[in-house]
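S.K.: Data file target-v7.pdb (PDB, C-alpha atoms) is appended below.
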```
ATOM      1  CA  MET A  84      82.839 125.739 217.448
ATOM      2  CA  ALA A  85      83.374 122.042 218.061
ATOM      3  CA  ASP A  86      84.790 119.853 215.280
ATOM      4  CA  LYS A  87      82.020 118.573 213.061
ATOM      5  CA  ALA A  88      82.159 116.286 210.034
ATOM      6  CA  LEU A  89      80.231 117.577 207.021
ATOM      7  CA  GLY A  90      77.800 115.027 205.632
ATOM      8  CA  ARG A  91      76.236 114.823 202.202
ATOM      9  CA  ILE A  92      75.892 118.177 200.455
ATOM     10  CA  GLY A  93      72.350 118.751 199.235
ATOM     11  CA  ASP A  94      70.498 121.419 197.302
ATOM     12  CA  PHE A  95      69.786 123.382 200.474
ATOM     13  CA  ASP A  96      73.499 123.450 201.354
ATOM     14  CA  ILE A  97      74.380 124.734 197.894
ATOM     15  CA  ARG A  98      71.784 127.482 198.282
ATOM     16  CA  LEU A  99      73.347 128.524 201.589
ATOM     17  CA  ILE A 100      76.821 128.517 199.995
ATOM     18  CA  ARG A 101      75.579 130.760 197.183
ATOM     19  CA  VAL A 102      74.199 133.208 199.777
ATOM     20  CA  PHE A 103      77.526 133.169 201.640
ATOM     21  CA  LYS A 104      79.503 133.795 198.440
ATOM     22  CA  ALA A 105      77.260 136.732 197.513
ATOM     23  CA  VAL A 106      77.618 138.247 201.025
ATOM     24  CA  VAL A 107      81.395 138.019 200.845
ATOM     25  CA  GLU A 108      81.604 139.514 197.360
ATOM     26  CA  CYS A 109      79.135 142.310 198.216
ATOM     27  CA  GLY A 110      80.947 143.123 201.485
ATOM     28  CA  GLY A 111      78.149 142.493 203.975
ATOM     29  CA  PHE A 112      74.557 141.485 204.643
ATOM     30  CA  THR A 113      72.906 144.792 203.765
ATOM     31  CA  ALA A 114      74.924 145.221 200.568
ATOM     32  CA  ALA A 115      73.942 141.709 199.451
ATOM     33  CA  GLU A 116      70.184 142.348 199.683
ATOM     34  CA  PRO A 117      69.773 143.680 196.089
ATOM     35  CA  GLU A 118      72.011 140.937 194.713
ATOM     36  CA  LEU A 119      70.123 138.104 196.421
ATOM     37  CA  GLY A 120      66.659 139.653 196.334
ATOM     38  CA  ILE A 121      65.959 138.756 199.965
ATOM     39  CA  SER A 122      65.921 140.768 203.180
ATOM     40  CA  ARG A 123      68.833 141.296 205.561
ATOM     41  CA  SER A 124      67.109 139.186 208.217
ATOM     42  CA  ALA A 125      66.684 136.296 205.733
ATOM     43  CA  ILE A 126      70.360 136.565 204.817
ATOM     44  CA  SER A 127      71.267 136.435 208.503
ATOM     45  CA  LEU A 128      69.174 133.286 208.963
ATOM     46  CA  HIS A 129      70.863 131.630 205.966
ATOM     47  CA  MET A 130      74.304 132.507 207.308
ATOM     48  CA  ASN A 131      73.443 131.108 210.732
ATOM     49  CA  ASP A 132      72.162 127.916 209.091
ATOM     50  CA  LEU A 133      75.387 127.545 207.089
ATOM     51  CA  GLU A 134      77.615 128.074 210.106
ATOM     52  CA  THR A 135      75.591 125.524 212.043
ATOM     53  CA  ARG A 136      75.763 123.096 209.129
ATOM     54  CA  LEU A 137      79.533 123.476 208.782
ATOM     55  CA  GLY A 138      80.277 123.800 212.492
ATOM     56  CA  LEU A 139      82.400 126.884 211.796
ATOM     57  CA  CYS A 140      82.244 130.622 212.444
ATOM     58  CA  LEU A 141      82.556 132.196 209.024
ATOM     59  CA  CYS A 142      82.392 135.938 209.715
ATOM     60  CA  GLN A 143      82.250 138.698 212.261
ATOM     61  CA  ARG A 144      79.349 141.110 211.957
ATOM     62  CA  GLY A 145      78.418 144.004 214.160
ATOM     63  CA  ARG A 146      79.398 147.610 214.833
ATOM     64  CA  GLY A 147      82.858 146.897 213.493
ATOM     65  CA  GLY A 148      81.422 145.893 210.129
ATOM     66  CA  PHE A 149      81.560 142.654 208.201
ATOM     67  CA  ALA A 150      84.779 140.617 208.239
ATOM     68  CA  LEU A 151      85.622 137.020 207.382
ATOM     69  CA  THR A 152      87.277 134.744 209.894
ATOM     70  CA  GLU A 153      90.226 132.629 208.777
ATOM     71  CA  GLU A 154      87.871 129.668 208.430
ATOM     72  CA  GLY A 155      85.489 131.905 206.505
ATOM     73  CA  ARG A 156      88.203 132.806 203.984
ATOM     74  CA  GLN A 157      89.002 129.130 203.414
ATOM     75  CA  VAL A 158      85.327 128.229 203.072
ATOM     76  CA  TYR A 159      84.898 131.092 200.583
ATOM     77  CA  HIS A 160      87.714 129.714 198.393
ATOM     78  CA  ALA A 161      86.191 126.226 198.635
ATOM     79  CA  ALA A 162      82.783 127.697 197.717
ATOM     80  CA  GLN A 163      84.282 129.295 194.605
ATOM     81  CA  THR A 164      85.721 125.947 193.536
ATOM     82  CA  LEU A 165      82.460 124.090 194.228
ATOM     83  CA  LEU A 166      80.196 126.533 192.404
ATOM     84  CA  ALA A 167      82.603 126.781 189.470
ATOM     85  CA  SER A 168      82.590 122.980 189.193
ATOM     86  CA  LEU A 169      78.787 122.950 189.218
ATOM     87  CA  GLU A 170      78.732 125.530 186.434
ATOM     88  CA  THR A 171      81.247 123.489 184.419
ATOM     89  CA  PHE A 172      79.068 120.421 184.899
ATOM     90  CA  ARG A 173      75.985 122.323 183.734
ATOM     91  CA  ASN A 174      77.790 123.643 180.657
ATOM     92  CA  ASP A 175      79.135 120.193 179.783
ATOM     93  CA  VAL A 176      75.676 118.617 179.987
ATOM     94  CA  THR A 177      74.201 121.449 177.918
ATOM     95  CA  THR A 178      76.907 120.857 175.297
ATOM     96  CA  LEU A 179      75.980 117.172 175.177
ATOM     97  CA  HIS A 180      72.413 118.143 174.306
ATOM     98  CA  ARG A 181      73.634 120.449 171.559
ATOM     99  CA  THR A 182      76.295 118.129 170.124
ATOM    100  CA  LEU A 183      75.167 114.853 168.614
ATOM    101  CA  ARG A 184      77.827 112.148 168.676
ATOM    102  CA  GLY A 185      77.794 108.407 168.141
ATOM    103  CA  GLU A 186      77.055 105.829 165.471
ATOM    104  CA  LEU A 187      74.061 104.732 163.445
ATOM    105  CA  ASN A 188      74.169 101.196 162.063
ATOM    106  CA  ILE A 189      71.355 100.832 159.550
ATOM    107  CA  GLY A 190      70.418  97.770 157.520
ATOM    108  CA  ILE A 191      68.722  98.369 154.168
ATOM    109  CA  THR A 192      67.219  95.940 151.691
ATOM    110  CA  ASP A 193      68.922  95.984 148.290
ATOM    111  CA  ASN A 194      67.997  98.389 145.481
ATOM    112  CA  LEU A 195      66.050 101.020 147.370
ATOM    113  CA  VAL A 196      68.364 103.879 146.411
ATOM    114  CA  THR A 197      66.484 104.346 143.118
ATOM    115  CA  PHE A 198      63.115 104.667 144.813
ATOM    116  CA  PRO A 199      61.729 108.160 144.047
ATOM    117  CA  GLU A 200      60.644 108.752 147.651
ATOM    118  CA  MET A 201      64.180 109.014 148.992
ATOM    119  CA  ARG A 202      63.093 109.540 152.590
ATOM    120  CA  ILE A 203      65.962 107.411 153.916
ATOM    121  CA  THR A 204      68.508 109.471 151.969
ATOM    122  CA  HIS A 205      67.040 112.766 153.165
ATOM    123  CA  ALA A 206      66.801 111.543 156.761
ATOM    124  CA  LEU A 207      70.466 110.472 156.728
ATOM    125  CA  ALA A 208      71.398 113.882 155.332
ATOM    126  CA  ALA A 209      69.395 115.639 158.057
ATOM    127  CA  LEU A 210      71.010 113.449 160.721
ATOM    128  CA  LYS A 211      74.474 114.390 159.456
ATOM    129  CA  ASP A 212      73.487 118.066 159.461
ATOM    130  CA  ARG A 213      72.400 117.824 163.098
ATOM    131  CA  GLY A 214      75.521 115.988 164.221
ATOM    132  CA  ASP A 215      78.620 116.278 162.064
ATOM    133  CA  GLU A 216      80.415 113.811 164.361
ATOM    134  CA  VAL A 217      77.809 111.072 163.835
ATOM    135  CA  ARG A 218      79.255 108.071 161.989
ATOM    136  CA  ILE A 219      76.794 106.281 159.698
ATOM    137  CA  HIS A 220      77.309 102.641 158.708
ATOM    138  CA  ILE A 221      75.005 101.128 156.055
ATOM    139  CA  HIS A 222      74.672  97.359 155.695
ATOM    140  CA  MET A 223      72.964  95.983 152.579
ATOM    141  CA  ASP A 224      71.474  92.616 153.545
ATOM    142  CA  PRO A 225      68.427  90.413 152.938
ATOM    143  CA  PRO A 226      65.398  91.291 155.093
ATOM    144  CA  ASP A 227      65.769  88.312 157.455
ATOM    145  CA  VAL A 228      69.431  89.162 158.100
ATOM    146  CA  ILE A 229      68.492  92.783 158.801
ATOM    147  CA  ALA A 230      65.727  91.755 161.203
ATOM    148  CA  GLN A 231      68.112  89.467 163.094
ATOM    149  CA  GLY A 232      70.727  92.218 163.196
ATOM    150  CA  VAL A 233      68.247  94.620 164.794
ATOM    151  CA  LEU A 234      67.182  91.962 167.291
ATOM    152  CA  ASP A 235      70.739  91.116 168.399
ATOM    153  CA  GLY A 236      71.811  94.766 168.553
ATOM    154  CA  ARG A 237      74.267  94.656 165.636
ATOM    155  CA  LEU A 238      72.011  97.118 163.833
ATOM    156  CA  HIS A 239      70.189 100.065 165.367
ATOM    157  CA  VAL A 240      67.494 100.211 162.692
ATOM    158  CA  GLY A 241      66.430  98.387 159.543
ATOM    159  CA  VAL A 242      64.476  99.055 156.352
ATOM    160  CA  VAL A 243      62.675  95.917 155.166
ATOM    161  CA  PRO A 244      59.530  94.847 153.340
ATOM    162  CA  ARG A 245      56.662  94.031 155.678
ATOM    163  CA  VAL A 246      56.116  90.402 154.812
ATOM    164  CA  HIS A 247      54.864  89.138 158.171
ATOM    165  CA  ARG A 248      54.662  90.252 161.794
ATOM    166  CA  LEU A 249      58.127  90.614 163.303
ATOM    167  CA  ALA A 250      58.244  89.459 166.919
ATOM    168  CA  ASN A 251      59.985  91.765 169.422
ATOM    169  CA  LEU A 252      60.367  94.476 166.787
ATOM    170  CA  ASP A 253      58.467  97.722 166.413
ATOM    171  CA  THR A 254      57.567  98.690 162.859
ATOM    172  CA  ARG A 255      56.846 102.106 161.371
ATOM    173  CA  PRO A 256      55.350 102.554 157.868
ATOM    174  CA  LEU A 257      57.746 104.026 155.322
ATOM    175  CA  TYR A 258      56.330 103.719 151.796
ATOM    176  CA  ASP A 259      54.818 101.262 149.304
ATOM    177  CA  GLU A 260      56.847  99.947 146.387
ATOM    178  CA  ARG A 261      55.031  99.022 143.138
ATOM    179  CA  SER A 262      56.320  95.981 141.186
ATOM    180  CA  ARG A 263      55.304  94.968 137.666
ATOM    181  CA  LEU A 264      55.968  92.031 135.354
ATOM    182  CA  TYR A 265      58.755  92.683 132.824
ATOM    183  CA  CYS A 266      60.522  91.098 129.900
ATOM    184  CA  ALA A 267      63.682  92.160 128.060
ATOM    185  CA  ASP A 268      63.959  93.404 124.489
ATOM    186  CA  THR A 269      65.438  90.044 123.402
ATOM    187  CA  HIS A 270      62.474  88.093 124.775
ATOM    188  CA  PRO A 271      59.701  87.027 122.368
ATOM    189  CA  LEU A 272      57.116  88.751 124.560
ATOM    190  CA  PHE A 273      58.726  92.136 123.960
ATOM    191  CA  ASP A 274      56.808  92.247 120.687
ATOM    192  CA  ALA A 275      53.292  93.049 121.827
ATOM    193  CA  GLY A 276      51.858  91.305 118.808
ATOM    194  CA  SER A 277      53.754  88.046 119.239
ATOM    195  CA  GLY A 278      50.645  86.201 120.364
ATOM    196  CA  ILE A 279      52.615  84.414 123.101
ATOM    197  CA  ASP A 280      50.903  83.998 126.493
ATOM    198  CA  TRP A 281      53.067  85.262 129.347
ATOM    199  CA  ARG A 282      51.673  82.440 131.496
ATOM    200  CA  GLN A 283      53.416  79.891 129.282
ATOM    201  CA  VAL A 284      57.018  81.133 129.414
ATOM    202  CA  ASP A 285      59.846  80.632 131.908
ATOM    203  CA  ALA A 286      59.981  83.083 134.787
ATOM    204  CA  VAL A 287      62.302  84.004 137.626
ATOM    205  CA  VAL A 288      60.744  83.849 141.086
ATOM    206  CA  PRO A 289      62.071  85.122 144.423
ATOM    207  CA  GLY A 290      63.982  82.794 146.692
ATOM    208  CA  TYR A 291      63.121  84.908 149.722
ATOM    209  CA  PRO A 292      59.895  85.491 151.704
ATOM    210  CA  ILE A 293      57.279  87.662 150.003
ATOM    211  CA  GLY A 294      53.882  89.012 150.975
ATOM    212  CA  GLU A 295      50.492  87.631 150.004
ATOM    213  CA  ALA A 296      49.913  90.043 147.116
ATOM    214  CA  ALA A 297      53.314  89.226 145.632
ATOM    215  CA  ARG A 298      52.762  85.498 146.140
ATOM    216  CA  ALA A 299      49.441  85.623 144.323
ATOM    217  CA  CYS A 300      51.130  87.203 141.309
ATOM    218  CA  HIS A 301      54.076  84.806 141.289
ATOM    219  CA  ASP A 302      51.792  81.776 141.563
ATOM    220  CA  ARG A 303      50.615  82.541 138.028
ATOM    221  CA  LEU A 304      54.151  82.164 136.619
ATOM    222  CA  ILE A 305      56.190  79.142 135.527
ATOM    223  CA  PRO A 306      59.079  79.072 138.022
ATOM    224  CA  ALA A 307      62.206  78.249 136.017
ATOM    225  CA  ALA A 308      64.819  80.191 138.024
ATOM    226  CA  THR A 309      65.163  81.806 141.432
ATOM    227  CA  ALA A 310      66.929  84.925 142.690
ATOM    228  CA  SER A 311      68.010  85.774 146.211
ATOM    229  CA  ASP A 312      67.225  89.479 145.708
ATOM    230  CA  ARG A 313      65.679  91.938 143.254
ATOM    231  CA  GLU A 314      68.981  92.710 141.545
ATOM    232  CA  GLY A 315      69.423  89.004 140.852
ATOM    233  CA  ALA A 316      65.951  88.922 139.315
ATOM    234  CA  ALA A 317      66.886  91.899 137.115
ATOM    235  CA  PHE A 318      69.992  90.043 135.885
ATOM    236  CA  LEU A 319      67.902  87.081 134.799
ATOM    237  CA  VAL A 320      65.136  89.136 133.197
ATOM    238  CA  LEU A 321      67.751  91.080 131.213
ATOM    239  CA  THR A 322      69.059  87.823 129.715
ATOM    240  CA  GLY A 323      65.901  87.738 127.628
ATOM    241  CA  ARG A 324      65.252  84.158 128.678
ATOM    242  CA  TYR A 325      62.950  84.838 131.611
ATOM    243  CA  ILE A 326      60.179  87.174 132.600
ATOM    244  CA  GLY A 327      59.906  88.403 136.178
ATOM    245  CA  TYR A 328      58.567  90.954 138.607
ATOM    246  CA  LEU A 329      60.753  93.983 139.322
ATOM    247  CA  PRO A 330      60.136  97.198 141.276
ATOM    248  CA  GLU A 331      59.157  99.997 138.901
ATOM    249  CA  HIS A 332      61.919 102.264 140.153
ATOM    250  CA  LEU A 333      64.536  99.546 139.602
ATOM    251  CA  ALA A 334      63.327  98.798 136.083
ATOM    252  CA  ALA A 335      62.843 102.455 135.090
ATOM    253  CA  PRO A 336      66.316 103.108 133.551
ATOM    254  CA  TRP A 337      66.080 100.008 131.345
ATOM    255  CA  VAL A 338      62.507 100.835 130.401
ATOM    256  CA  ALA A 339      63.594 104.335 129.396
ATOM    257  CA  GLY A 340      66.453 102.844 127.372
ATOM    258  CA  GLY A 341      64.196 100.379 125.569
ATOM    259  CA  ARG A 342      65.701  97.317 127.268
ATOM    260  CA  LEU A 343      62.666  96.311 129.353
ATOM    261  CA  ARG A 344      58.906  96.469 128.892
ATOM    262  CA  ALA A 345      56.069  95.841 131.322
ATOM    263  CA  ILE A 346      53.825  92.976 130.186
ATOM    264  CA  GLY A 347      50.746  91.087 131.322
ATOM    265  CA  ASP A 348      47.312  92.252 132.315
ATOM    266  CA  GLU A 349      46.190  94.770 134.912
ATOM    267  CA  HIS A 350      46.592  92.138 137.622
ATOM    268  CA  CYS A 351      50.322  91.733 136.917
ATOM    269  CA  GLN A 352      51.400  94.202 139.564
ATOM    270  CA  PHE A 353      51.528  94.393 143.328
ATOM    271  CA  ASP A 354      52.575  96.775 146.089
ATOM    272  CA  THR A 355      55.094  95.893 148.779
ATOM    273  CA  PRO A 356      54.862  97.965 151.979
ATOM    274  CA  PHE A 357      58.283  98.861 153.415
ATOM    275  CA  VAL A 358      58.738  99.567 157.097
ATOM    276  CA  ILE A 359      61.334 100.816 159.539
ATOM    277  CA  ILE A 360      62.143  98.280 162.251
ATOM    278  CA  VAL A 361      63.714  98.880 165.663
ATOM    279  CA  ARG A 362      64.040  96.614 168.664
ATOM    280  CA  ARG A 363      60.957  96.894 170.870
ATOM    281  CA  GLU A 364      62.855  96.948 174.161
ATOM    282  CA  ARG A 365      65.875  99.145 173.608
ATOM    283  CA  ARG A 366      67.856 101.671 175.556
ATOM    284  CA  PRO A 367      67.469 105.356 174.722
ATOM    285  CA  ASP A 368      69.870 106.355 171.955
ATOM    286  CA  ARG A 369      70.057 110.028 170.931
ATOM    287  CA  VAL A 370      71.460 109.280 167.477
ATOM    288  CA  LEU A 371      68.792 106.672 166.679
ATOM    289  CA  ASP A 372      66.004 108.775 168.181
ATOM    290  CA  THR A 373      67.122 111.784 166.145
ATOM    291  CA  PHE A 374      67.192 109.693 162.959
ATOM    292  CA  LEU A 375      63.686 108.405 163.613
ATOM    293  CA  ASP A 376      62.464 111.943 164.293
ATOM    294  CA  VAL A 377      63.902 113.389 161.083
ATOM    295  CA  LEU A 378      62.706 110.354 159.104
ATOM    296  CA  ALA A 379      59.149 110.969 160.310
ATOM    297  CA  THR A 380      59.256 114.485 158.843
ATOM    298  CA  ALA A 381      61.453 113.806 155.791
ATOM    299  CA  GLU A 382      59.788 114.774 152.534
ATOM    300  CA  ALA A 383      60.162 113.164 149.146
ATOM    301  CA  PRO A 384      62.134 115.237 146.626
ATOM    302  CA  SER A 385      60.241 117.327 144.101
ATOM    303  CA  ARG A 386      59.895 115.621 140.746
TER     304      ARG A 386
END
```
Go ahead and express the file in the form of structure tokens.
M.R.:
Amino acid sequence: MADKALGRIGDFDIRLIRVFKAVVECGGFTAAEPELGISRSAISLHMNDLETRLGLCLCQRGRGGFALTEEGRQVYHAAQTLLASLETFRNDVTTLHRTLRGELNIGITDNLVTFPEMRITHALAALKDRGDEVRIHIHMDPPDVIAQGVLDGRLHVGVVPRVHRLANLDTRPLYDERSRLYCADTHPLFDAGSGIDWRQVDAVVPGYPIGEAARACHDRLIPAATASDREGAAFLVLTGRYIGYLPEHLAAPWVAGGRLRAIGDEHCQFDTPFVIIVRRERRPDRVLDTFLDVLATAEAPSR
């Protein structure tokens, strides 16, 4: 046959090469019928197509039996290499689907680790179980810093209070956090019969954005100090010189130890909804997507 340059190899060419390899290894057209599940005439057509495609005579067939030409032997060795490489490629891609690798950079608002619904903790544990090679990096920052980190790509995901609509970020509900008004055991209000009005004493107020329900409660206080986060508010309340709102789960150990007591009327409490935030337009990320999937099904621990 005349010299002929082989062009792009497509799916049809690979099918023809598989037929050729089976014919060679079975020792002829008729012997290859059970292996390929097609008739001898169909095998003959495939072989003719391959020889035409390659511009080479690959085998002799006739009364003398089946025999490879020299070119046929070389093409058979090349076919083995090609099909083995395809199988290696398939196995490697399959392994990628089974093995989870990469990083998860997550930003979390302070003092959520004591929240009873530890969905974040359980989701991180499940993520680690699914991919032992996943590296998790937690950043404890104020909500606005976390939101900016997610927007600029420094963080993959954030956990923040839903204070207002976050542009260019998708939010997913996580849980609500209940806060109540507290005083310390060294504060005059700790004695329920003191006769002091909680509206007339110094209070610590947040120096960060809060939602409408929280703002309505804080507007009833005398702002005498500010805190940049909830832990800072706890420090000041524990001095016994200020009252202030704290999340129930954060205050619980001190309440149990007799250091703090909830005060005020039934209106001295509010719920803060917490949400998961991710960048709205982001590239697919298997680690992040897996974390979001396990977070959606994570259950709170039994209490």
S.K.: Need to verify the contact set: Ala308 (chain A), 7 Å, only C-alpha atoms, exclusion of same-chain residues closer than 6 positions in sequence. Can you return it as JSON, numbers by chain?
M.R.: {"A": [286, 287, 288]}
S.K.: What are the closest atom pairs, with distances in Å to one decimal, for all residues of region 340-383 of chain A lying within 9 Å of region 180-187 of chain A? Consider all atoms listed in the file, order rows by chain and residue number, and present the result as a Markdown table.
M.R.:
```
| residue | atom | partner | partner_atom | distance |
| --- | --- | --- | --- | --- |
| A:Arg369 | CA | A:Leu183 | CA | 7.4 |
| A:Val370 | CA | A:Gly185 | CA | 6.4 |
| A:Leu371 | CA | A:Leu187 | CA | 6.5 |
| A:Thr373 | CA | A:Leu183 | CA | 9.0 |
| A:Phe374 | CA | A:Leu187 | CA | 8.5 |
```
S.K.: Those residues with C-alpha atoms, as a PDB file, in the coordinates of the input please?
M.R.:
```
ATOM      1  CA  ARG A 369      70.057 110.028 170.931  1.00  0.00           C
ATOM      2  CA  VAL A 370      71.460 109.280 167.477  1.00  0.00           C
ATOM      3  CA  LEU A 371      68.792 106.672 166.679  1.00  0.00           C
ATOM      4  CA  THR A 373      67.122 111.784 166.145  1.00  0.00           C
ATOM      5  CA  PHE A 374      67.192 109.693 162.959  1.00  0.00           C
TER       6      PHE A 374
END
```
S.K.: Which protein, DNA or RNA residues have an atom at most 12 Å from (57.1, 94.0, 155.7), counting all atoms listed in the file? List them as JSON, numbers by chain.
M.R.: {"A": [192, 226, 227, 229, 230, 241, 242, 243, 244, 245, 246, 247, 248, 249, 252, 253, 254, 255, 256, 257, 258, 259, 260, 292, 293, 294, 295, 296, 297, 354, 355, 356, 357, 358, 359, 360]}
S.K.: When distances are computed from all atoms listed in the file, which of A:Ile189, A:Ala125, A:Val233, A:Val377 shows the smallest separation from Arg218 (chain A)?
M.R.: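 Between A:Ile189, A:Ala125, A:Val233, A:Val377, the residue approaching Arg218 (chain A) most closely is A:Ile189.
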S.K.: Tell me, in Å to one decimal, how far CA of Phe198 (chain A) is from CA of Arg342 (chain A).
M.R.: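 Result for CA of Phe198 (chain A) versus CA of Arg342 (chain A): 19.2 Å, one decimal.
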S.K.: For this file, the PyMOL selection byres ((chain A and resi 194) around 12) selects which residues, as a list in words?
M.R.: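 Expected selection for the PyMOL selection byres ((chain A and resi 194) around 12) here is Ile191, Thr192, Asp193, Leu195, Val196, Thr197, Phe198, Pro199, Met201, Met223, Asp224, Pro225, Val242, Val243, Glu260, Asp312, Arg313, Glu314, Gly315, Ala316, Ala317, Leu329, Pro330, Glu331, His332, Leu333 and Ala334 of chain A.
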S.K.: Taking the file as shown, find all residues satisfying the PyMOL selection byres ((chain A and resi 144) around 12) and write them as a count of residues only.
M.R.: 21
S.K.: What is the distance, in Å and to one decimal place, between CA of His222 (chain A) and CA of Asp368 (chain A)?
M.R.: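 Between these atoms lies a distance of 19.2 Å.
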S.K.: Using all atoms listed in the file, find the one residue out of A:Ile346, A:Leu210, A:Ala114, A:Ile97 that sits nearest to Leu169 (chain A).
M.R.: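 The closest residue to Leu169 (chain A) is A:Ile97.
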